[in-house]
Amino acid sequence: MAIAAPLASDRSAGQPARITRVAIAGATGFAGQELVRILARHPAVTLTTAMSSAATSTPRPMPALARIWDGEVVPLDVDRLARDADVVFLALPEAASAELAPQLLERGVRVIDLSGAFRIRAQADRERWYPATAALPEGTVYGMTEGNQEAIRQARLVSNPGCYPTAALLALEPLAAAGLLDGPVFVDAKSGISGAGKTPSDRTHFSENHGSVAAYSVFSHRHTAEIEQALGRVVTFVPHLVPLDRGILETIYGSLKPGTTEAQVAGTLTAAYKDAPFVRLTGSTLPEIKHVVHTNFCDIGWKVDAESRRIVLVAVIDNLVKGAAGSAVQNLNVLLGLDERTGLL
């Protein structure tokens, strides 16, 4: 039988005294368009402006969002962002976020950044993976919403997790924190093509991707550092590109400490997510991508072989929602003292 975390009824909160002004930089990318779609219908905010990722771009409408949001995407303008918004979402390449976020913070604007620019704490690792980020601004918080609400509520800059780390860490962090894991962890991750971003390449060309599955960035993917930072252990992370437009499925392999039972695994995950509205535990019924696309849910299932102490977990998310725009809005809700589900359910 599936094990489902209940909705968090005790997280309800009143509407803020005024509507919060929000803006998006990088609204034409896949994650940026999802942000527009969600924020335009969010009852506690008003989307004042949506900008492209460059100051030289041409203003343009967004036909896919007609009658959802009929504004025009305008060129990037930091002065206008600071003037017209209380909270700015950055859906930009990491180098652009690294430059823009400190400027907004200096002007008193809170920032939710969807790039990887501010995710890595250790300077040496950050210099390797995100060299454009010289330092983390004061008040930067890693934005894995589940279990981190108090820090996010006080943050000046929320660094949204990467899509792959979101699924991996939601599955693994409670077990690691409880001391149930033994040794290294292996993450076999498969993502739809939208995870590669909107800029076309040979790898994302239809003729190259259709009917094929390809591993990439073995031992060289920057999300490895993000996962290892949170877990404090060696992780072998191998991502794959699959011919889907969206969705991530991760099959995670590990070993359990001697004497650990399946009941302990189930109990640990259930306790961790009993108040998490967007984590659904499916137990031995392993989840599928189609169960979560176009939603902010992460579904997690698992199997335990007690004799060999092996565990296999399967975690699925929509890379553009729970892996990007949806979790960013979930973090906005925490910042504003709202129910996490506002605008998302």
# chains A, B, ... in the order shown; residues from 1 in each chain; ligands from 1
>>> closest_atom_pairs(of="segment 315-342 of chain A", to="segment 264-283 of chain A", cutoff="9 Å", atoms="only C-alpha atoms", output="Markdown table")
| residue | atom | partner | partner_atom | distance |
| --- | --- | --- | --- | --- |
| A:Lys322 | CA | A:Phe278 | CA | 8.6 |
| A:Glu340 | CA | A:Pro277 | CA | 7.6 |
| A:Arg341 | CA | A:Pro277 | CA | 7.1 |
>>> select_by_dssp(residues="segment 69-274 of chain A", states="strand (DSSP E or B)", output="ChimeraX atom specification")
/A:73-74,87-90,110-113,140-142,157-159,181,185-191,214-215,235-241,248-256
>>> select_by_dssp(residues="segment 160-331 of chain A", states="alpha helix (DSSP H)", output="ChimeraX atom specification")
/A:163-177,206-209,223-231,262-272,326-331
>>> closest_residue(among="A:Thr145, A:Gly139, A:Leu241, A:Arg119", to="Gly162 of chain A", atoms="only C-alpha atoms")
A:Arg119
>>> atom_distance(atom1="atom CA of Gly179 of chain A", atom2="atom CA of Leu256 of chain A")
8.9 Å
>>> residues_around(residues="segment 40-42 of chain A", least_positions_apart="4", cutoff="9 Å", atoms="only C-alpha atoms", output="list in words")
Leu35, Val36, Thr46, Leu47, Ile68, Trp69, Thr342, Gly343 and Leu344 of chain A
>>> closest_residue(among="A:Val22, A:Ala328, A:Ala315, A:Ala96", to="His291 of chain A", atoms="only C-alpha atoms")
A:Ala315
>>> atom_distance(atom1="atom CA of Asn296 of chain A", atom2="atom CA of Ala155 of chain A")
21.8 Å
>>> closest_residue(among="A:Ala171, A:Ala306, A:Ala27, A:Leu114", to="Pro93 of chain A", atoms="only C-alpha atoms")
A:Leu114
>>> residues_around(residues="Ile311 of chain A", least_positions_apart="4", cutoff="10 Å", atoms="only C-alpha atoms", output="number ranges by chain")
A: 181, 252-256, 262, 265, 302-306
>>> residues_around(residues="segment 85-89 of chain A", least_positions_apart="5", cutoff="9 Å", atoms="only C-alpha atoms", output="list in words")
Thr20, Arg21, Val22, Ala23, Ile24, Ala25, Gly26, Gly32, Leu35, Leu47, Thr48, Thr49, Arg80, Ala101, Leu104, Gly108, Val109, Arg110, Val111, Ile112, Asp113, Leu114, Ala328 and Leu332 of chain A
>>> write_last_selection(atoms="N, CA and C atoms", output="PDB file, in the first residue's frame")
ATOM      1  N   THR A  20       2.349  41.404  -2.551  1.00  0.00           N
ATOM      2  CA  THR A  20       3.786  41.524  -2.779  1.00  0.00           C
ATOM      3  C   THR A  20       4.077  41.658  -4.270  1.00  0.00           C
ATOM      4  N   ARG A  21       4.940  42.598  -4.602  1.00  0.00           N
ATOM      5  CA  ARG A  21       5.335  42.797  -5.995  1.00  0.00           C
ATOM      6  C   ARG A  21       6.496  41.861  -6.328  1.00  0.00           C
ATOM      7  N   VAL A  22       6.359  41.094  -7.405  1.00  0.00           N
ATOM      8  CA  VAL A  22       7.430  40.192  -7.819  1.00  0.00           C
ATOM      9  C   VAL A  22       7.782  40.460  -9.278  1.00  0.00           C
ATOM     10  N   ALA A  23       9.017  40.130  -9.630  1.00  0.00           N
ATOM     11  CA  ALA A  23       9.482  40.283 -11.002  1.00  0.00           C
ATOM     12  C   ALA A  23      10.369  39.098 -11.352  1.00  0.00           C
ATOM     13  N   ILE A  24      10.498  38.860 -12.647  1.00  0.00           N
ATOM     14  CA  ILE A  24      11.298  37.731 -13.139  1.00  0.00           C
ATOM     15  C   ILE A  24      12.335  38.246 -14.128  1.00  0.00           C
ATOM     16  N   ALA A  25      13.574  37.864 -13.942  1.00  0.00           N
ATOM     17  CA  ALA A  25      14.623  38.081 -14.934  1.00  0.00           C
ATOM     18  C   ALA A  25      14.961  36.730 -15.547  1.00  0.00           C
ATOM     19  N   GLY A  26      14.850  36.640 -16.868  1.00  0.00           N
ATOM     20  CA  GLY A  26      15.044  35.363 -17.548  1.00  0.00           C
ATOM     21  C   GLY A  26      13.734  34.658 -17.807  1.00  0.00           C
ATOM     22  N   GLY A  32      11.764  30.041 -16.614  1.00  0.00           N
ATOM     23  CA  GLY A  32      11.196  31.374 -16.521  1.00  0.00           C
ATOM     24  C   GLY A  32       9.744  31.418 -16.948  1.00  0.00           C
ATOM     25  N   LEU A  35       7.641  30.050 -14.244  1.00  0.00           N
ATOM     26  CA  LEU A  35       7.456  31.051 -13.201  1.00  0.00           C
ATOM     27  C   LEU A  35       6.333  32.023 -13.553  1.00  0.00           C
ATOM     28  N   LEU A  47       2.626  40.177 -10.490  1.00  0.00           N
ATOM     29  CA  LEU A  47       3.801  40.103 -11.353  1.00  0.00           C
ATOM     30  C   LEU A  47       3.937  41.433 -12.078  1.00  0.00           C
ATOM     31  N   THR A  48       4.869  42.254 -11.616  1.00  0.00           N
ATOM     32  CA  THR A  48       4.993  43.609 -12.155  1.00  0.00           C
ATOM     33  C   THR A  48       5.747  43.659 -13.470  1.00  0.00           C
ATOM     34  N   THR A  49       6.726  42.772 -13.642  1.00  0.00           N
ATOM     35  CA  THR A  49       7.491  42.790 -14.884  1.00  0.00           C
ATOM     36  C   THR A  49       8.166  41.445 -15.101  1.00  0.00           C
ATOM     37  N   ARG A  80      14.995  48.886 -13.058  1.00  0.00           N
ATOM     38  CA  ARG A  80      13.556  48.659 -13.053  1.00  0.00           C
ATOM     39  C   ARG A  80      13.190  47.511 -12.125  1.00  0.00           C
ATOM     40  N   ALA A 101      22.513  39.521  -8.666  1.00  0.00           N
ATOM     41  CA  ALA A 101      21.937  39.335  -7.336  1.00  0.00           C
ATOM     42  C   ALA A 101      22.505  40.311  -6.300  1.00  0.00           C
ATOM     43  N   LEU A 104      20.897  43.752  -6.555  1.00  0.00           N
ATOM     44  CA  LEU A 104      19.533  43.815  -6.045  1.00  0.00           C
ATOM     45  C   LEU A 104      19.500  43.793  -4.524  1.00  0.00           C
ATOM     46  N   GLY A 108      17.950  46.478  -1.292  1.00  0.00           N
ATOM     47  CA  GLY A 108      16.916  46.034  -0.382  1.00  0.00           C
ATOM     48  C   GLY A 108      15.902  45.074  -0.970  1.00  0.00           C
ATOM     49  N   VAL A 109      16.193  44.521  -2.143  1.00  0.00           N
ATOM     50  CA  VAL A 109      15.285  43.571  -2.784  1.00  0.00           C
ATOM     51  C   VAL A 109      15.688  42.153  -2.388  1.00  0.00           C
ATOM     52  N   ARG A 110      14.728  41.327  -2.048  1.00  0.00           N
ATOM     53  CA  ARG A 110      15.025  39.921  -1.768  1.00  0.00           C
ATOM     54  C   ARG A 110      15.050  39.158  -3.084  1.00  0.00           C
ATOM     55  N   VAL A 111      15.905  38.140  -3.130  1.00  0.00           N
ATOM     56  CA  VAL A 111      16.173  37.442  -4.386  1.00  0.00           C
ATOM     57  C   VAL A 111      15.981  35.942  -4.197  1.00  0.00           C
ATOM     58  N   ILE A 112      15.327  35.325  -5.182  1.00  0.00           N
ATOM     59  CA  ILE A 112      15.268  33.868  -5.274  1.00  0.00           C
ATOM     60  C   ILE A 112      15.943  33.496  -6.579  1.00  0.00           C
ATOM     61  N   ASP A 113      17.088  32.844  -6.474  1.00  0.00           N
ATOM     62  CA  ASP A 113      17.925  32.553  -7.645  1.00  0.00           C
ATOM     63  C   ASP A 113      17.793  31.092  -8.047  1.00  0.00           C
ATOM     64  N   LEU A 114      17.445  30.855  -9.315  1.00  0.00           N
ATOM     65  CA  LEU A 114      17.273  29.495  -9.813  1.00  0.00           C
ATOM     66  C   LEU A 114      18.540  28.921 -10.416  1.00  0.00           C
ATOM     67  N   ALA A 328      10.772  27.279  -6.365  1.00  0.00           N
ATOM     68  CA  ALA A 328      11.069  28.696  -6.134  1.00  0.00           C
ATOM     69  C   ALA A 328       9.850  29.417  -5.569  1.00  0.00           C
ATOM     70  N   LEU A 332       9.118  31.239  -2.045  1.00  0.00           N
ATOM     71  CA  LEU A 332       8.496  32.553  -1.912  1.00  0.00           C
ATOM     72  C   LEU A 332       7.406  32.515  -0.854  1.00  0.00           C
TER      73      LEU A 332
END
>>> closest_residue(among="A:Leu157, A:Ile120, A:Val187, A:Val141", to="Ala230 of chain A", atoms="only C-alpha atoms")
A:Ile120
>>> atom_distance(atom1="atom CA of Gln33 of chain A", atom2="atom CA of Ala50 of chain A")
9.4 Å
>>> closest_residue(among="A:Ser115, A:Ser53, A:Asn148, A:Thr58", to="Ala324 of chain A", atoms="only C-alpha atoms")
A:Ser115
>>> decode(residues="segment 76-122 of chain A", atoms="N, CA and C atoms", output="PDB file, in the first residue's frame")
ATOM      1  N   LEU A  76      16.367  43.162 -20.050  1.00  0.00           N
ATOM      2  CA  LEU A  76      16.852  43.148 -18.665  1.00  0.00           C
ATOM      3  C   LEU A  76      17.258  44.552 -18.234  1.00  0.00           C
ATOM      4  N   ASP A  77      16.756  44.964 -17.062  1.00  0.00           N
ATOM      5  CA  ASP A  77      17.017  46.312 -16.553  1.00  0.00           C
ATOM      6  C   ASP A  77      17.037  46.231 -15.027  1.00  0.00           C
ATOM      7  N   VAL A  78      18.224  46.270 -14.430  1.00  0.00           N
ATOM      8  CA  VAL A  78      18.346  46.085 -12.990  1.00  0.00           C
ATOM      9  C   VAL A  78      17.686  47.219 -12.223  1.00  0.00           C
ATOM     10  N   ASP A  79      17.729  48.439 -12.761  1.00  0.00           N
ATOM     11  CA  ASP A  79      17.097  49.561 -12.070  1.00  0.00           C
ATOM     12  C   ASP A  79      15.585  49.363 -11.983  1.00  0.00           C
ATOM     13  N   ARG A  80      14.995  48.886 -13.058  1.00  0.00           N
ATOM     14  CA  ARG A  80      13.556  48.659 -13.053  1.00  0.00           C
ATOM     15  C   ARG A  80      13.190  47.511 -12.125  1.00  0.00           C
ATOM     16  N   LEU A  81      14.011  46.456 -12.098  1.00  0.00           N
ATOM     17  CA  LEU A  81      13.754  45.352 -11.171  1.00  0.00           C
ATOM     18  C   LEU A  81      13.732  45.850  -9.738  1.00  0.00           C
ATOM     19  N   ALA A  82      14.731  46.658  -9.376  1.00  0.00           N
ATOM     20  CA  ALA A  82      14.823  47.157  -8.010  1.00  0.00           C
ATOM     21  C   ALA A  82      13.687  48.109  -7.672  1.00  0.00           C
ATOM     22  N   ARG A  83      13.208  48.854  -8.660  1.00  0.00           N
ATOM     23  CA  ARG A  83      12.144  49.832  -8.434  1.00  0.00           C
ATOM     24  C   ARG A  83      10.765  49.183  -8.335  1.00  0.00           C
ATOM     25  N   ASP A  84      10.544  48.141  -9.144  1.00  0.00           N
ATOM     26  CA  ASP A  84       9.187  47.617  -9.319  1.00  0.00           C
ATOM     27  C   ASP A  84       8.897  46.344  -8.541  1.00  0.00           C
ATOM     28  N   ALA A  85       9.863  45.818  -7.784  1.00  0.00           N
ATOM     29  CA  ALA A  85       9.638  44.516  -7.142  1.00  0.00           C
ATOM     30  C   ALA A  85      10.166  44.492  -5.710  1.00  0.00           C
ATOM     31  N   ASP A  86       9.464  43.748  -4.874  1.00  0.00           N
ATOM     32  CA  ASP A  86       9.929  43.446  -3.524  1.00  0.00           C
ATOM     33  C   ASP A  86      10.769  42.170  -3.511  1.00  0.00           C
ATOM     34  N   VAL A  87      10.422  41.240  -4.396  1.00  0.00           N
ATOM     35  CA  VAL A  87      11.148  39.973  -4.543  1.00  0.00           C
ATOM     36  C   VAL A  87      11.387  39.751  -6.031  1.00  0.00           C
ATOM     37  N   VAL A  88      12.625  39.420  -6.385  1.00  0.00           N
ATOM     38  CA  VAL A  88      12.973  39.163  -7.784  1.00  0.00           C
ATOM     39  C   VAL A  88      13.414  37.709  -7.932  1.00  0.00           C
ATOM     40  N   PHE A  89      12.858  37.043  -8.931  1.00  0.00           N
ATOM     41  CA  PHE A  89      13.288  35.696  -9.312  1.00  0.00           C
ATOM     42  C   PHE A  89      14.319  35.824 -10.439  1.00  0.00           C
ATOM     43  N   LEU A  90      15.458  35.192 -10.256  1.00  0.00           N
ATOM     44  CA  LEU A  90      16.490  35.176 -11.285  1.00  0.00           C
ATOM     45  C   LEU A  90      16.513  33.802 -11.935  1.00  0.00           C
ATOM     46  N   ALA A  91      16.061  33.718 -13.188  1.00  0.00           N
ATOM     47  CA  ALA A  91      16.111  32.480 -13.963  1.00  0.00           C
ATOM     48  C   ALA A  91      17.127  32.684 -15.083  1.00  0.00           C
ATOM     49  N   LEU A  92      18.344  32.999 -14.677  1.00  0.00           N
ATOM     50  CA  LEU A  92      19.421  33.410 -15.579  1.00  0.00           C
ATOM     51  C   LEU A  92      20.572  32.415 -15.530  1.00  0.00           C
ATOM     52  N   PRO A  93      21.489  32.461 -16.510  1.00  0.00           N
ATOM     53  CA  PRO A  93      22.731  31.704 -16.386  1.00  0.00           C
ATOM     54  C   PRO A  93      23.487  32.130 -15.127  1.00  0.00           C
ATOM     55  N   GLU A  94      24.278  31.217 -14.560  1.00  0.00           N
ATOM     56  CA  GLU A  94      24.888  31.491 -13.260  1.00  0.00           C
ATOM     57  C   GLU A  94      25.782  32.728 -13.251  1.00  0.00           C
ATOM     58  N   ALA A  95      26.507  33.010 -14.332  1.00  0.00           N
ATOM     59  CA  ALA A  95      27.368  34.188 -14.352  1.00  0.00           C
ATOM     60  C   ALA A  95      26.547  35.471 -14.269  1.00  0.00           C
ATOM     61  N   ALA A  96      25.405  35.489 -14.941  1.00  0.00           N
ATOM     62  CA  ALA A  96      24.539  36.661 -14.881  1.00  0.00           C
ATOM     63  C   ALA A  96      23.935  36.828 -13.493  1.00  0.00           C
ATOM     64  N   SER A  97      23.510  35.725 -12.874  1.00  0.00           N
ATOM     65  CA  SER A  97      22.973  35.797 -11.515  1.00  0.00           C
ATOM     66  C   SER A  97      24.032  36.265 -10.530  1.00  0.00           C
ATOM     67  N   ALA A  98      25.247  35.772 -10.687  1.00  0.00           N
ATOM     68  CA  ALA A  98      26.334  36.163  -9.790  1.00  0.00           C
ATOM     69  C   ALA A  98      26.588  37.660  -9.833  1.00  0.00           C
ATOM     70  N   GLU A  99      26.381  38.266 -10.976  1.00  0.00           N
ATOM     71  CA  GLU A  99      26.566  39.715 -11.131  1.00  0.00           C
ATOM     72  C   GLU A  99      25.352  40.499 -10.649  1.00  0.00           C
ATOM     73  N   LEU A 100      24.167  40.009 -10.951  1.00  0.00           N
ATOM     74  CA  LEU A 100      22.947  40.786 -10.714  1.00  0.00           C
ATOM     75  C   LEU A 100      22.447  40.696  -9.281  1.00  0.00           C
ATOM     76  N   ALA A 101      22.513  39.521  -8.666  1.00  0.00           N
ATOM     77  CA  ALA A 101      21.937  39.335  -7.336  1.00  0.00           C
ATOM     78  C   ALA A 101      22.505  40.311  -6.300  1.00  0.00           C
ATOM     79  N   PRO A 102      23.838  40.486  -6.202  1.00  0.00           N
ATOM     80  CA  PRO A 102      24.347  41.439  -5.200  1.00  0.00           C
ATOM     81  C   PRO A 102      23.844  42.862  -5.415  1.00  0.00           C
ATOM     82  N   GLN A 103      23.652  43.262  -6.660  1.00  0.00           N
ATOM     83  CA  GLN A 103      23.136  44.600  -6.935  1.00  0.00           C
ATOM     84  C   GLN A 103      21.718  44.771  -6.402  1.00  0.00           C
ATOM     85  N   LEU A 104      20.897  43.752  -6.555  1.00  0.00           N
ATOM     86  CA  LEU A 104      19.533  43.815  -6.045  1.00  0.00           C
ATOM     87  C   LEU A 104      19.500  43.793  -4.524  1.00  0.00           C
ATOM     88  N   LEU A 105      20.349  42.973  -3.922  1.00  0.00           N
ATOM     89  CA  LEU A 105      20.407  42.909  -2.463  1.00  0.00           C
ATOM     90  C   LEU A 105      20.814  44.245  -1.867  1.00  0.00           C
ATOM     91  N   GLU A 106      21.750  44.924  -2.497  1.00  0.00           N
ATOM     92  CA  GLU A 106      22.197  46.227  -2.018  1.00  0.00           C
ATOM     93  C   GLU A 106      21.056  47.243  -1.999  1.00  0.00           C
ATOM     94  N   ARG A 107      20.060  47.040  -2.849  1.00  0.00           N
ATOM     95  CA  ARG A 107      18.929  47.968  -2.930  1.00  0.00           C
ATOM     96  C   ARG A 107      17.730  47.490  -2.116  1.00  0.00           C
ATOM     97  N   GLY A 108      17.950  46.478  -1.292  1.00  0.00           N
ATOM     98  CA  GLY A 108      16.916  46.034  -0.382  1.00  0.00           C
ATOM     99  C   GLY A 108      15.902  45.074  -0.970  1.00  0.00           C
ATOM    100  N   VAL A 109      16.193  44.521  -2.143  1.00  0.00           N
ATOM    101  CA  VAL A 109      15.285  43.571  -2.784  1.00  0.00           C
ATOM    102  C   VAL A 109      15.688  42.153  -2.388  1.00  0.00           C
ATOM    103  N   ARG A 110      14.728  41.327  -2.048  1.00  0.00           N
ATOM    104  CA  ARG A 110      15.025  39.921  -1.768  1.00  0.00           C
ATOM    105  C   ARG A 110      15.050  39.158  -3.084  1.00  0.00           C
ATOM    106  N   VAL A 111      15.905  38.140  -3.130  1.00  0.00           N
ATOM    107  CA  VAL A 111      16.173  37.442  -4.386  1.00  0.00           C
ATOM    108  C   VAL A 111      15.981  35.942  -4.197  1.00  0.00           C
ATOM    109  N   ILE A 112      15.327  35.325  -5.182  1.00  0.00           N
ATOM    110  CA  ILE A 112      15.268  33.868  -5.274  1.00  0.00           C
ATOM    111  C   ILE A 112      15.943  33.496  -6.579  1.00  0.00           C
ATOM    112  N   ASP A 113      17.088  32.844  -6.474  1.00  0.00           N
ATOM    113  CA  ASP A 113      17.925  32.553  -7.645  1.00  0.00           C
ATOM    114  C   ASP A 113      17.793  31.092  -8.047  1.00  0.00           C
ATOM    115  N   LEU A 114      17.445  30.855  -9.315  1.00  0.00           N
ATOM    116  CA  LEU A 114      17.273  29.495  -9.813  1.00  0.00           C
ATOM    117  C   LEU A 114      18.540  28.921 -10.416  1.00  0.00           C
ATOM    118  N   SER A 115      19.584  29.718 -10.562  1.00  0.00           N
ATOM    119  CA  SER A 115      20.845  29.197 -11.100  1.00  0.00           C
ATOM    120  C   SER A 115      21.633  28.519  -9.986  1.00  0.00           C
ATOM    121  N   GLY A 116      22.796  28.006 -10.336  1.00  0.00           N
ATOM    122  CA  GLY A 116      23.644  27.377  -9.330  1.00  0.00           C
ATOM    123  C   GLY A 116      24.644  28.313  -8.700  1.00  0.00           C
ATOM    124  N   ALA A 117      24.575  29.600  -8.999  1.00  0.00           N
ATOM    125  CA  ALA A 117      25.631  30.536  -8.616  1.00  0.00           C
ATOM    126  C   ALA A 117      25.914  30.559  -7.124  1.00  0.00           C
ATOM    127  N   PHE A 118      24.913  30.353  -6.289  1.00  0.00           N
ATOM    128  CA  PHE A 118      25.083  30.543  -4.843  1.00  0.00           C
ATOM    129  C   PHE A 118      24.812  29.276  -4.039  1.00  0.00           C
ATOM    130  N   ARG A 119      24.853  28.118  -4.686  1.00  0.00           N
ATOM    131  CA  ARG A 119      24.516  26.873  -3.983  1.00  0.00           C
ATOM    132  C   ARG A 119      25.669  26.276  -3.184  1.00  0.00           C
ATOM    133  N   ILE A 120      26.897  26.488  -3.628  1.00  0.00           N
ATOM    134  CA  ILE A 120      28.046  25.795  -3.044  1.00  0.00           C
ATOM    135  C   ILE A 120      28.717  26.664  -1.996  1.00  0.00           C
ATOM    136  N   ARG A 121      28.857  26.133  -0.776  1.00  0.00           N
ATOM    137  CA  ARG A 121      29.410  26.905   0.335  1.00  0.00           C
ATOM    138  C   ARG A 121      30.928  26.970   0.310  1.00  0.00           C
ATOM    139  N   ALA A 122      31.598  25.846   0.044  1.00  0.00           N
ATOM    140  CA  ALA A 122      33.059  25.800   0.095  1.00  0.00           C
ATOM    141  C   ALA A 122      33.653  26.596  -1.067  1.00  0.00           C
TER     142      ALA A 122
END
